[in-house]
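The next block is start_11.csv, given as CSV, N, CA and C atoms.
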chain,number,residue,atom,x,y,z
A,8,MET,N,0.8,-1.2,0.0
A,8,MET,CA,0.0,0.0,0.0
A,8,MET,C,0.9,1.3,0.0
A,9,LYS,N,2.0,1.2,0.8
A,9,LYS,CA,2.9,2.4,0.8
A,9,LYS,C,3.5,2.6,-0.6
A,10,LYS,N,3.8,1.6,-1.3
A,10,LYS,CA,4.4,1.7,-2.6
A,10,LYS,C,3.4,2.4,-3.6
A,11,LEU,N,2.2,2.0,-3.5
A,11,LEU,CA,1.1,2.6,-4.3
A,11,LEU,C,0.9,4.1,-4.0
A,12,THR,N,1.0,4.4,-2.8
A,12,THR,CA,0.9,5.8,-2.4
A,12,THR,C,2.0,6.7,-3.0
A,13,TYR,N,3.3,6.2,-2.8
A,13,TYR,CA,4.4,6.9,-3.4
A,13,TYR,C,4.4,7.0,-4.9
A,14,LEU,N,3.9,5.9,-5.5
A,14,LEU,CA,3.8,5.9,-7.0
A,14,LEU,C,2.8,6.9,-7.4
A,15,THR,N,1.7,7.0,-6.7
A,15,THR,CA,0.6,7.9,-7.1
A,15,THR,C,1.1,9.4,-6.9
A,16,LEU,N,1.8,9.7,-5.8
A,16,LEU,CA,2.4,11.0,-5.6
A,16,LEU,C,3.4,11.3,-6.6
A,17,PHE,N,4.2,10.4,-7.0
A,17,PHE,CA,5.2,10.6,-8.0
A,17,PHE,C,4.6,11.0,-9.4
A,18,LEU,N,3.6,10.2,-9.8
A,18,LEU,CA,2.9,10.5,-11.0
A,18,LEU,C,2.2,11.8,-11.0
A,19,PHE,N,1.5,12.2,-10.0
A,19,PHE,CA,0.9,13.5,-9.9
A,19,PHE,C,2.0,14.6,-10.0
A,20,GLY,N,3.1,14.4,-9.3
A,20,GLY,CA,4.2,15.4,-9.3
A,20,GLY,C,4.7,15.6,-10.7
A,21,THR,N,4.9,14.4,-11.4
A,21,THR,CA,5.4,14.5,-12.8
A,21,THR,C,4.4,15.1,-13.7
A,22,LEU,N,3.2,14.8,-13.6
A,22,LEU,CA,2.2,15.5,-14.4
A,22,LEU,C,2.1,17.0,-14.2
A,23,GLY,N,2.2,17.4,-13.0
A,23,GLY,CA,2.2,18.8,-12.7
A,23,GLY,C,3.4,19.5,-13.3
A,24,PHE,N,4.6,18.9,-13.3
A,24,PHE,CA,5.8,19.5,-13.8
A,24,PHE,C,5.7,19.6,-15.4
A,25,ASN,N,5.2,18.6,-16.0
A,25,ASN,CA,5.0,18.6,-17.4
A,25,ASN,C,4.0,19.6,-17.9
A,26,ALA,N,3.0,19.9,-17.1
A,26,ALA,CA,2.0,20.8,-17.5
A,26,ALA,C,2.5,22.2,-17.7
A,27,GLN,N,3.7,22.5,-17.1
A,27,GLN,CA,4.3,23.8,-17.2
A,27,GLN,C,5.0,24.0,-18.6
A,28,ALA,N,5.5,23.0,-19.2
A,28,ALA,CA,6.2,23.0,-20.4
A,28,ALA,C,5.5,22.1,-21.4
A,29,GLN,N,4.9,22.7,-22.4
A,29,GLN,CA,4.1,21.9,-23.3
A,29,GLN,C,3.8,22.6,-24.7
A,30,CYS,N,3.4,21.7,-25.6
A,30,CYS,CA,3.0,22.2,-26.9
A,30,CYS,C,1.5,22.8,-26.6
A,31,VAL,N,1.3,24.0,-26.9
A,31,VAL,CA,0.0,24.6,-26.7
A,31,VAL,C,-0.8,24.8,-27.9
A,32,LYS,N,-0.2,24.6,-29.1
A,32,LYS,CA,-0.9,24.8,-30.3
A,32,LYS,C,-0.2,24.0,-31.4
A,33,GLY,N,-1.0,23.3,-32.3
A,33,GLY,CA,-0.4,22.7,-33.5
A,33,GLY,C,0.4,21.5,-33.2
A,34,ASN,N,1.4,21.2,-34.0
A,34,ASN,CA,2.2,20.0,-34.0
A,34,ASN,C,3.6,20.3,-33.6
A,35,CYS,N,4.0,20.0,-32.4
A,35,CYS,CA,5.4,20.4,-32.0
A,35,CYS,C,6.3,19.1,-32.1
A,36,TYR,N,6.0,18.2,-33.0
A,36,TYR,CA,6.8,17.1,-33.2
A,36,TYR,C,7.3,17.1,-34.7
A,37,ASN,N,6.3,17.1,-35.6
A,37,ASN,CA,6.6,17.2,-37.0
A,37,ASN,C,5.5,18.1,-37.6
A,38,GLY,N,5.9,19.3,-37.8
A,38,GLY,CA,4.9,20.3,-38.4
A,38,GLY,C,5.2,21.7,-37.9
A,39,LYS,N,4.1,22.4,-37.7
A,39,LYS,CA,4.2,23.8,-37.1
A,39,LYS,C,3.4,23.8,-35.8
A,40,GLY,N,4.0,24.4,-34.8
A,40,GLY,CA,3.4,24.5,-33.5
A,40,GLY,C,4.0,25.5,-32.6
A,41,THR,N,3.3,25.7,-31.5
A,41,THR,CA,3.7,26.7,-30.5
A,41,THR,C,4.0,25.9,-29.2
A,42,TYR,N,5.2,26.1,-28.7
A,42,TYR,CA,5.7,25.5,-27.5
A,42,TYR,C,6.0,26.5,-26.4
A,43,ALA,N,5.3,26.3,-25.2
A,43,ALA,CA,5.6,27.2,-24.1
A,43,ALA,C,6.5,26.4,-23.1
A,44,TYR,N,7.6,27.0,-22.8
A,44,TYR,CA,8.6,26.4,-21.9
A,44,TYR,C,8.3,26.8,-20.4
A,45,SER,N,8.8,26.0,-19.5
A,45,SER,CA,8.5,26.1,-18.1
A,45,SER,C,9.1,27.4,-17.6
A,46,ASN,N,10.1,28.0,-18.2
A,46,ASN,CA,10.7,29.2,-17.7
A,46,ASN,C,10.0,30.5,-18.3
A,47,GLY,N,9.0,30.3,-19.1
A,47,GLY,CA,8.3,31.4,-19.7
A,47,GLY,C,8.6,31.7,-21.1
A,48,ASP,N,9.7,31.1,-21.7
A,48,ASP,CA,10.1,31.3,-23.1
A,48,ASP,C,9.0,30.7,-24.0
A,49,LYS,N,8.9,31.1,-25.2
A,49,LYS,CA,7.9,30.6,-26.1
A,49,LYS,C,8.5,30.5,-27.5
A,50,TYR,N,8.3,29.4,-28.2
A,50,TYR,CA,8.7,29.2,-29.6
A,50,TYR,C,7.5,28.9,-30.5
A,51,VAL,N,7.4,29.6,-31.6
A,51,VAL,CA,6.3,29.4,-32.6
A,51,VAL,C,7.0,29.2,-33.9
A,52,GLY,N,6.8,28.0,-34.5
A,52,GLY,CA,7.5,27.7,-35.8
A,52,GLY,C,7.4,26.3,-36.1
A,53,GLN,N,8.4,25.9,-37.0
A,53,GLN,CA,8.4,24.6,-37.6
A,53,GLN,C,9.2,23.6,-36.7
A,54,TRP,N,8.8,22.4,-36.7
A,54,TRP,CA,9.4,21.3,-35.8
A,54,TRP,C,9.7,20.1,-36.7
A,55,LYS,N,10.7,19.4,-36.4
A,55,LYS,CA,11.1,18.1,-37.0
A,55,LYS,C,11.6,17.2,-36.0
A,56,GLU,N,10.9,16.1,-35.8
A,56,GLU,CA,11.2,15.1,-34.8
A,56,GLU,C,11.4,15.7,-33.4
A,57,GLY,N,10.5,16.6,-33.0
A,57,GLY,CA,10.5,17.2,-31.7
A,57,GLY,C,11.5,18.3,-31.5
A,58,GLN,N,12.2,18.7,-32.5
A,58,GLN,CA,13.2,19.8,-32.4
A,58,GLN,C,12.9,21.0,-33.3
A,59,MET,N,13.2,22.2,-32.9
A,59,MET,CA,13.0,23.4,-33.7
A,59,MET,C,13.8,23.2,-35.0
A,60,ASN,N,13.2,23.2,-36.1
A,60,ASN,CA,13.8,23.0,-37.4
A,60,ASN,C,13.0,23.8,-38.4
A,61,GLY,N,13.7,24.7,-39.2
A,61,GLY,CA,13.0,25.5,-40.2
A,61,GLY,C,12.9,26.9,-39.7
A,62,THR,N,11.8,27.6,-40.1
A,62,THR,CA,11.7,29.0,-39.6
A,62,THR,C,10.8,29.1,-38.4
A,63,GLY,N,11.1,30.1,-37.6
A,63,GLY,CA,10.3,30.3,-36.4
A,63,GLY,C,10.7,31.5,-35.7
A,64,SER,N,10.0,31.7,-34.5
A,64,SER,CA,10.3,32.9,-33.7
A,64,SER,C,10.3,32.4,-32.2
A,65,TYR,N,11.4,32.8,-31.5
A,65,TYR,CA,11.6,32.4,-30.2
A,65,TYR,C,11.6,33.7,-29.3
A,66,GLU,N,10.7,33.7,-28.3
A,66,GLU,CA,10.6,34.9,-27.4
A,66,GLU,C,11.1,34.5,-26.0
A,67,PHE,N,12.1,35.2,-25.5
A,67,PHE,CA,12.7,35.0,-24.2
A,67,PHE,C,11.9,35.8,-23.2
A,68,THR,N,11.9,35.3,-21.9
A,68,THR,CA,11.2,36.0,-20.9
A,68,THR,C,11.8,37.3,-20.5
A,69,ASN,N,13.1,37.5,-20.9
A,69,ASN,CA,13.8,38.7,-20.5
A,69,ASN,C,13.5,39.8,-21.6
A,70,GLY,N,12.7,39.5,-22.6
A,70,GLY,CA,12.3,40.5,-23.6
A,70,GLY,C,13.0,40.4,-24.9
A,71,ASP,N,14.1,39.6,-24.9
A,71,ASP,CA,14.8,39.3,-26.2
A,71,ASP,C,13.9,38.5,-27.1
A,72,ARG,N,14.2,38.6,-28.4
A,72,ARG,CA,13.5,37.7,-29.3
A,72,ARG,C,14.3,37.4,-30.6
A,73,TYR,N,14.2,36.2,-31.2
A,73,TYR,CA,14.9,35.8,-32.4
A,73,TYR,C,13.8,35.3,-33.4
A,74,THR,N,13.9,35.8,-34.6
A,74,THR,CA,13.1,35.3,-35.7
A,74,THR,C,14.0,34.9,-36.9
A,75,GLY,N,13.8,33.7,-37.3
A,75,GLY,CA,14.6,33.3,-38.4
A,75,GLY,C,14.7,31.8,-38.5
A,76,ASP,N,15.9,31.3,-39.0
A,76,ASP,CA,16.1,29.8,-39.2
A,76,ASP,C,16.6,29.1,-38.0
A,77,PHE,N,16.1,27.9,-37.8
A,77,PHE,CA,16.6,27.0,-36.8
A,77,PHE,C,17.0,25.7,-37.4
A,78,HIS,N,18.0,25.0,-36.8
A,78,HIS,CA,18.4,23.7,-37.2
A,78,HIS,C,18.8,22.9,-35.9
A,79,VAL,N,18.1,21.8,-35.6
A,79,VAL,CA,18.3,21.0,-34.4
A,79,VAL,C,18.4,21.9,-33.1
A,80,ASN,N,17.3,22.7,-32.9
A,80,ASN,CA,17.1,23.5,-31.7
A,80,ASN,C,18.1,24.7,-31.6
A,81,LYS,N,18.8,25.0,-32.7
A,81,LYS,CA,19.8,26.1,-32.6
A,81,LYS,C,19.5,27.1,-33.7
A,82,ARG,N,19.8,28.4,-33.4
A,82,ARG,CA,19.8,29.4,-34.5
A,82,ARG,C,20.8,29.0,-35.5
A,83,ASP,N,20.4,28.9,-36.8
A,83,ASP,CA,21.3,28.4,-37.8
A,83,ASP,C,20.7,28.8,-39.2
A,84,GLY,N,21.4,29.6,-39.9
A,84,GLY,CA,20.9,30.1,-41.2
A,84,GLY,C,20.9,31.6,-41.1
A,85,THR,N,19.8,32.2,-41.5
A,85,THR,CA,19.7,33.7,-41.4
A,85,THR,C,18.5,34.0,-40.4
A,86,GLY,N,18.7,35.2,-39.7
A,86,GLY,CA,17.7,35.6,-38.8
A,86,GLY,C,18.1,36.9,-38.1
A,87,THR,N,17.1,37.4,-37.3
A,87,THR,CA,17.2,38.6,-36.6
A,87,THR,C,17.0,38.4,-35.1
A,88,TYR,N,18.0,38.9,-34.4
A,88,TYR,CA,17.9,38.8,-32.9
A,88,TYR,C,17.7,40.3,-32.4
A,89,VAL,N,16.7,40.5,-31.6
A,89,VAL,CA,16.4,41.8,-31.0
A,89,VAL,C,16.5,41.7,-29.5
A,90,TRP,N,17.4,42.5,-28.9
A,90,TRP,CA,17.6,42.5,-27.5
A,90,TRP,C,16.5,43.4,-26.9
A,91,ALA,N,16.2,43.2,-25.6
A,91,ALA,CA,15.2,44.0,-24.9
A,91,ALA,C,15.6,45.5,-24.9
A,92,ASN,N,16.9,45.8,-25.0
A,92,ASN,CA,17.3,47.2,-25.0
A,92,ASN,C,17.3,47.8,-26.4
A,93,LYS,N,16.7,47.1,-27.3
A,93,LYS,CA,16.5,47.5,-28.7
A,93,LYS,C,17.7,47.4,-29.6
A,94,ASN,N,18.8,46.9,-29.2
A,94,ASN,CA,19.9,46.5,-30.1
A,94,ASN,C,19.4,45.4,-31.0
A,95,ARG,N,20.0,45.3,-32.2
A,95,ARG,CA,19.5,44.4,-33.2
A,95,ARG,C,20.6,43.9,-34.0
A,96,TYR,N,20.6,42.5,-34.3
A,96,TYR,CA,21.5,41.9,-35.2
A,96,TYR,C,20.7,41.2,-36.3
A,97,THR,N,21.0,41.4,-37.5
A,97,THR,CA,20.4,40.7,-38.7
A,97,THR,C,21.5,40.2,-39.5
A,98,GLY,N,21.5,38.9,-39.7
A,98,GLY,CA,22.5,38.2,-40.5
A,98,GLY,C,22.5,36.7,-40.4
A,99,GLU,N,23.7,36.2,-40.6
A,99,GLU,CA,23.9,34.8,-40.6
A,99,GLU,C,24.3,34.2,-39.2
A,100,TRP,N,23.8,33.0,-39.0
A,100,TRP,CA,24.0,32.3,-37.7
A,100,TRP,C,24.5,30.9,-38.0
A,101,LYS,N,25.3,30.4,-37.1
A,101,LYS,CA,25.7,29.0,-37.2
A,101,LYS,C,25.9,28.4,-35.7
A,102,MET,N,25.1,27.4,-35.4
A,102,MET,CA,25.2,26.7,-34.1
A,102,MET,C,25.0,27.7,-33.0
A,103,ASN,N,23.9,28.6,-33.1
A,103,ASN,CA,23.5,29.6,-32.1
A,103,ASN,C,24.5,30.8,-32.0
A,104,LYS,N,25.4,30.9,-32.9
A,104,LYS,CA,26.4,32.0,-32.8
A,104,LYS,C,26.3,32.8,-34.1
A,105,ARG,N,26.6,34.2,-34.0
A,105,ARG,CA,26.7,35.0,-35.2
A,105,ARG,C,27.9,34.6,-36.0
A,106,GLU,N,27.7,34.2,-37.2
A,106,GLU,CA,28.8,33.7,-38.0
A,106,GLU,C,28.5,34.0,-39.5
A,107,GLY,N,29.5,34.8,-40.1
A,107,GLY,CA,29.3,35.2,-41.5
A,107,GLY,C,29.0,36.7,-41.5
A,108,HIS,N,28.3,37.1,-42.5
A,108,HIS,CA,27.9,38.5,-42.7
A,108,HIS,C,26.7,38.9,-41.8
A,109,GLY,N,26.8,40.1,-41.3
A,109,GLY,CA,25.7,40.6,-40.5
A,109,GLY,C,25.7,42.1,-40.2
A,110,VAL,N,24.6,42.6,-39.8
A,110,VAL,CA,24.5,44.0,-39.5
A,110,VAL,C,24.0,44.1,-38.0
A,111,PHE,N,24.8,44.8,-37.2
A,111,PHE,CA,24.5,45.1,-35.8
A,111,PHE,C,24.1,46.5,-35.7
A,112,GLN,N,22.9,46.8,-35.1
A,112,GLN,CA,22.5,48.2,-34.9
A,112,GLN,C,22.3,48.4,-33.4
A,113,TRP,N,23.0,49.3,-32.9
A,113,TRP,CA,22.8,49.7,-31.5
A,113,TRP,C,21.6,50.6,-31.4
A,114,SER,N,21.0,50.6,-30.2
A,114,SER,CA,19.8,51.5,-30.0
A,114,SER,C,20.2,52.9,-30.1
A,115,SER,N,21.5,53.3,-30.0
A,115,SER,CA,22.0,54.6,-30.2
A,115,SER,C,22.1,55.1,-31.7
A,116,SER,N,21.7,54.2,-32.6
A,116,SER,CA,21.7,54.3,-34.0
A,116,SER,C,23.1,54.0,-34.7
A,117,ALA,N,24.1,53.7,-33.9
A,117,ALA,CA,25.4,53.3,-34.5
A,117,ALA,C,25.1,51.9,-35.2
A,118,THR,N,25.8,51.7,-36.3
A,118,THR,CA,25.6,50.5,-37.1
A,118,THR,C,27.0,49.9,-37.4
A,119,TYR,N,27.1,48.6,-37.3
A,119,TYR,CA,28.3,47.8,-37.8
A,119,TYR,C,27.8,46.9,-38.9
A,120,ASN,N,28.4,47.0,-40.1
A,120,ASN,CA,28.0,46.1,-41.2
A,120,ASN,C,29.3,45.4,-41.6
A,121,GLY,N,29.4,44.1,-41.2
A,121,GLY,CA,30.6,43.3,-41.5
A,121,GLY,C,30.5,41.9,-41.2
A,122,PHE,N,31.6,41.3,-40.8
A,122,PHE,CA,31.7,39.8,-40.7
A,122,PHE,C,31.9,39.4,-39.2
A,123,TRP,N,31.4,38.3,-38.9
A,123,TRP,CA,31.4,37.7,-37.5
A,123,TRP,C,32.0,36.3,-37.6
A,124,LEU,N,32.7,35.9,-36.5
A,124,LEU,CA,33.2,34.6,-36.4
A,124,LEU,C,33.1,34.2,-34.9
A,125,GLN,N,32.4,33.0,-34.7
A,125,GLN,CA,32.2,32.5,-33.3
A,125,GLN,C,31.6,33.6,-32.4
A,126,ASP,N,30.6,34.3,-32.9
A,126,ASP,CA,29.8,35.3,-32.2
A,126,ASP,C,30.6,36.6,-31.9
A,127,GLN,N,31.8,36.8,-32.6
A,127,GLN,CA,32.6,38.0,-32.4
A,127,GLN,C,32.8,38.7,-33.7
A,128,ILE,N,32.9,40.0,-33.6
A,128,ILE,CA,33.2,40.8,-34.8
A,128,ILE,C,34.6,40.5,-35.2
A,129,ILE,N,34.8,40.3,-36.5
A,129,ILE,CA,36.2,39.9,-37.0
A,129,ILE,C,37.1,41.1,-37.0
A,130,ASP,N,36.6,42.2,-37.5
A,130,ASP,CA,37.4,43.5,-37.5
A,130,ASP,C,36.5,44.6,-37.5
A,131,MET,N,36.7,45.6,-36.6
A,131,MET,CA,35.9,46.8,-36.5
A,131,MET,C,36.8,47.9,-36.6
A,132,ASP,N,36.6,48.8,-37.7
A,132,ASP,CA,37.4,50.0,-37.7
A,132,ASP,C,36.4,51.2,-37.9
A,133,VAL,N,37.0,52.3,-38.0
A,133,VAL,CA,36.1,53.5,-38.0
A,133,VAL,C,35.2,53.5,-39.2
A,134,SER,N,35.6,53.0,-40.3
A,134,SER,CA,34.8,53.0,-41.5
A,134,SER,C,33.6,52.0,-41.4
A,135,THR,N,33.6,51.1,-40.5
A,135,THR,CA,32.5,50.1,-40.4
A,135,THR,C,31.4,50.5,-39.4
A,136,VAL,N,31.7,51.5,-38.6
A,136,VAL,CA,30.7,52.0,-37.6
A,136,VAL,C,30.3,53.4,-38.0
A,137,VAL,N,28.9,53.6,-38.1
A,137,VAL,CA,28.4,54.8,-38.5
A,137,VAL,C,27.6,55.5,-37.4
A,138,ASP,N,27.8,56.8,-37.3
A,138,ASP,CA,27.0,57.6,-36.3
A,138,ASP,C,27.4,57.3,-34.9
A,139,CYS,N,28.7,57.2,-34.6
A,139,CYS,CA,29.0,56.9,-33.2
A,139,CYS,C,30.4,57.4,-32.9
A,140,GLU,N,30.6,58.1,-31.7
A,140,GLU,CA,31.9,58.6,-31.4
A,140,GLU,C,32.8,57.6,-30.7
A,141,THR,N,32.2,56.6,-30.0
A,141,THR,CA,33.0,55.6,-29.3
A,141,THR,C,32.8,54.3,-29.9
A,142,ARG,N,33.7,53.4,-29.7
A,142,ARG,CA,33.6,52.0,-30.2
A,142,ARG,C,32.5,51.2,-29.4
A,143,PRO,N,31.4,50.9,-30.0
A,143,PRO,CA,30.3,50.2,-29.3
A,143,PRO,C,30.7,48.7,-29.0
A,144,VAL,N,30.0,48.1,-28.0
A,144,VAL,CA,30.2,46.7,-27.7
A,144,VAL,C,29.0,46.0,-28.1
A,145,PRO,N,29.1,45.0,-29.0
A,145,PRO,CA,28.0,44.2,-29.5
A,145,PRO,C,27.2,43.5,-28.3
A,146,GLY,N,25.9,43.6,-28.4
A,146,GLY,CA,25.1,42.9,-27.4
A,146,GLY,C,24.8,43.7,-26.2
A,147,LYS,N,25.4,44.8,-26.0
A,147,LYS,CA,25.3,45.5,-24.7
A,147,LYS,C,24.5,46.8,-25.0
Now that the file is in, can you turn its structure into structure tokens?
Amino acid sequence: MKKLTYLTLFLFGTLGFNAQAQCVKGNCYNGKGTYAYSNGDKYVGQWKEGQMNGTGSYEFTNGDRYTGDFHVNKRDGTGTYVWANKNRYTGEWKMNKREGHGVFQWSSSATYNGFWLQDQIIDMDVSTVVDCETRPVPGK
């Protein structure tokens, strides 16, 4: 009887946990669907074998958002990431990192148009930043 009670409590606890993170609309395995994560993040877009694949939009609870291509649950391809502070990057992504050509716009209106490697600007000189007196820091 004790084992049955523990098993019942375990099952109810598991069901309660899973209710916080779930597919809330559509097909989140193979198709298009909306998934709400337990931390408050939300993804709306294409799925393949239960992973974000194709185009979609991911909203973070901190106010950041990404819209673009995904491959195996990672930003991969082209897309736009907008931070809560209104900074914006539009360009190429590889394995969740900015990689290739992209444009970073600071909320101050300064803009960097150039190349990225492993989420870092490859080379920034005065000619690649417009409307800014000081060298801006990406993502900040």
task: For segment 94-104 of chain A, please output as an MDAnalysis selection string all residues within 6 Å (counting all atoms listed in the file; exclusion window: fewer than 6 positions along the same chain).
output: chainID A and resid 81:88 110:114 125:126
Write out the residues from the selection above, keeping N, CA and C atoms, as a PDB file, in the frame of the given file.
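Wrote selection-v6.pdb, looks like this:
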ATOM      1  N   LYS A  81      18.800  25.000 -32.700  1.00  0.00           N
ATOM      2  CA  LYS A  81      19.800  26.100 -32.600  1.00  0.00           C
ATOM      3  C   LYS A  81      19.500  27.100 -33.700  1.00  0.00           C
ATOM      4  N   ARG A  82      19.800  28.400 -33.400  1.00  0.00           N
ATOM      5  CA  ARG A  82      19.800  29.400 -34.500  1.00  0.00           C
ATOM      6  C   ARG A  82      20.800  29.000 -35.500  1.00  0.00           C
ATOM      7  N   ASP A  83      20.400  28.900 -36.800  1.00  0.00           N
ATOM      8  CA  ASP A  83      21.300  28.400 -37.800  1.00  0.00           C
ATOM      9  C   ASP A  83      20.700  28.800 -39.200  1.00  0.00           C
ATOM     10  N   GLY A  84      21.400  29.600 -39.900  1.00  0.00           N
ATOM     11  CA  GLY A  84      20.900  30.100 -41.200  1.00  0.00           C
ATOM     12  C   GLY A  84      20.900  31.600 -41.100  1.00  0.00           C
ATOM     13  N   THR A  85      19.800  32.200 -41.500  1.00  0.00           N
ATOM     14  CA  THR A  85      19.700  33.700 -41.400  1.00  0.00           C
ATOM     15  C   THR A  85      18.500  34.000 -40.400  1.00  0.00           C
ATOM     16  N   GLY A  86      18.700  35.200 -39.700  1.00  0.00           N
ATOM     17  CA  GLY A  86      17.700  35.600 -38.800  1.00  0.00           C
ATOM     18  C   GLY A  86      18.100  36.900 -38.100  1.00  0.00           C
ATOM     19  N   THR A  87      17.100  37.400 -37.300  1.00  0.00           N
ATOM     20  CA  THR A  87      17.200  38.600 -36.600  1.00  0.00           C
ATOM     21  C   THR A  87      17.000  38.400 -35.100  1.00  0.00           C
ATOM     22  N   TYR A  88      18.000  38.900 -34.400  1.00  0.00           N
ATOM     23  CA  TYR A  88      17.900  38.800 -32.900  1.00  0.00           C
ATOM     24  C   TYR A  88      17.700  40.300 -32.400  1.00  0.00           C
ATOM     25  N   VAL A 110      24.600  42.600 -39.800  1.00  0.00           N
ATOM     26  CA  VAL A 110      24.500  44.000 -39.500  1.00  0.00           C
ATOM     27  C   VAL A 110      24.000  44.100 -38.000  1.00  0.00           C
ATOM     28  N   PHE A 111      24.800  44.800 -37.200  1.00  0.00           N
ATOM     29  CA  PHE A 111      24.500  45.100 -35.800  1.00  0.00           C
ATOM     30  C   PHE A 111      24.100  46.500 -35.700  1.00  0.00           C
ATOM     31  N   GLN A 112      22.900  46.800 -35.100  1.00  0.00           N
ATOM     32  CA  GLN A 112      22.500  48.200 -34.900  1.00  0.00           C
ATOM     33  C   GLN A 112      22.300  48.400 -33.400  1.00  0.00           C
ATOM     34  N   TRP A 113      23.000  49.300 -32.900  1.00  0.00           N
ATOM     35  CA  TRP A 113      22.800  49.700 -31.500  1.00  0.00           C
ATOM     36  C   TRP A 113      21.600  50.600 -31.400  1.00  0.00           C
ATOM     37  N   SER A 114      21.000  50.600 -30.200  1.00  0.00           N
ATOM     38  CA  SER A 114      19.800  51.500 -30.000  1.00  0.00           C
ATOM     39  C   SER A 114      20.200  52.900 -30.100  1.00  0.00           C
ATOM     40  N   GLN A 125      32.400  33.000 -34.700  1.00  0.00           N
ATOM     41  CA  GLN A 125      32.200  32.500 -33.300  1.00  0.00           C
ATOM     42  C   GLN A 125      31.600  33.600 -32.400  1.00  0.00           C
ATOM     43  N   ASP A 126      30.600  34.300 -32.900  1.00  0.00           N
ATOM     44  CA  ASP A 126      29.800  35.300 -32.200  1.00  0.00           C
ATOM     45  C   ASP A 126      30.600  36.600 -31.900  1.00  0.00           C
TER      46      ASP A 126
END
Mind listing whatever residues come within 6 Å of the point (12.3, 37.3, -33.5)? Use only C-alpha atoms, file coordinates, and give them as an mmCIF file with N, CA and C atoms, in the coordinates of the input.
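So part_12.cif came out as:
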data_model
loop_
_atom_site.group_PDB
_atom_site.id
_atom_site.type_symbol
_atom_site.label_atom_id
_atom_site.label_comp_id
_atom_site.auth_asym_id
_atom_site.auth_seq_id
_atom_site.Cartn_x
_atom_site.Cartn_y
_atom_site.Cartn_z
ATOM 1 N N SER A 64 10.000 31.700 -34.500
ATOM 2 C CA SER A 64 10.300 32.900 -33.700
ATOM 3 C C SER A 64 10.300 32.400 -32.200
ATOM 4 N N TYR A 65 11.400 32.800 -31.500
ATOM 5 C CA TYR A 65 11.600 32.400 -30.200
ATOM 6 C C TYR A 65 11.600 33.700 -29.300
ATOM 7 N N ARG A 72 14.200 38.600 -28.400
ATOM 8 C CA ARG A 72 13.500 37.700 -29.300
ATOM 9 C C ARG A 72 14.300 37.400 -30.600
ATOM 10 N N TYR A 73 14.200 36.200 -31.200
ATOM 11 C CA TYR A 73 14.900 35.800 -32.400
ATOM 12 C C TYR A 73 13.800 35.300 -33.400
ATOM 13 N N THR A 74 13.900 35.800 -34.600
ATOM 14 C CA THR A 74 13.100 35.300 -35.700
ATOM 15 C C THR A 74 14.000 34.900 -36.900
ATOM 16 N N THR A 87 17.100 37.400 -37.300
ATOM 17 C CA THR A 87 17.200 38.600 -36.600
ATOM 18 C C THR A 87 17.000 38.400 -35.100
ATOM 19 N N TYR A 88 18.000 38.900 -34.400
ATOM 20 C CA TYR A 88 17.900 38.800 -32.900
ATOM 21 C C TYR A 88 17.700 40.300 -32.400
#
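With distances restricted to all atoms listed in the file, A:Asp71 is the closest residue to Val89 of chain A from A:Asp71, A:Gln29, A:Ile128, A:Tyr119.
Interatomic distance, atom N of Gly61 of chain A to atom CA of Gly47 of chain A: 21.3 Å.
Rounded to one decimal, atom CA of Glu66 of chain A and atom N of Lys93 of chain A lie 13.6 Å from each other.
Put simply, atom C of Ser115 of chain A is 14.7 Å away from atom CA of Ala91 of chain A.
Proximity to Phe122 of chain A was assessed for A:Lys32, A:His108, A:Lys55, A:Lys39 counting all atoms listed in the file; the smallest distance is recorded for A:His108.
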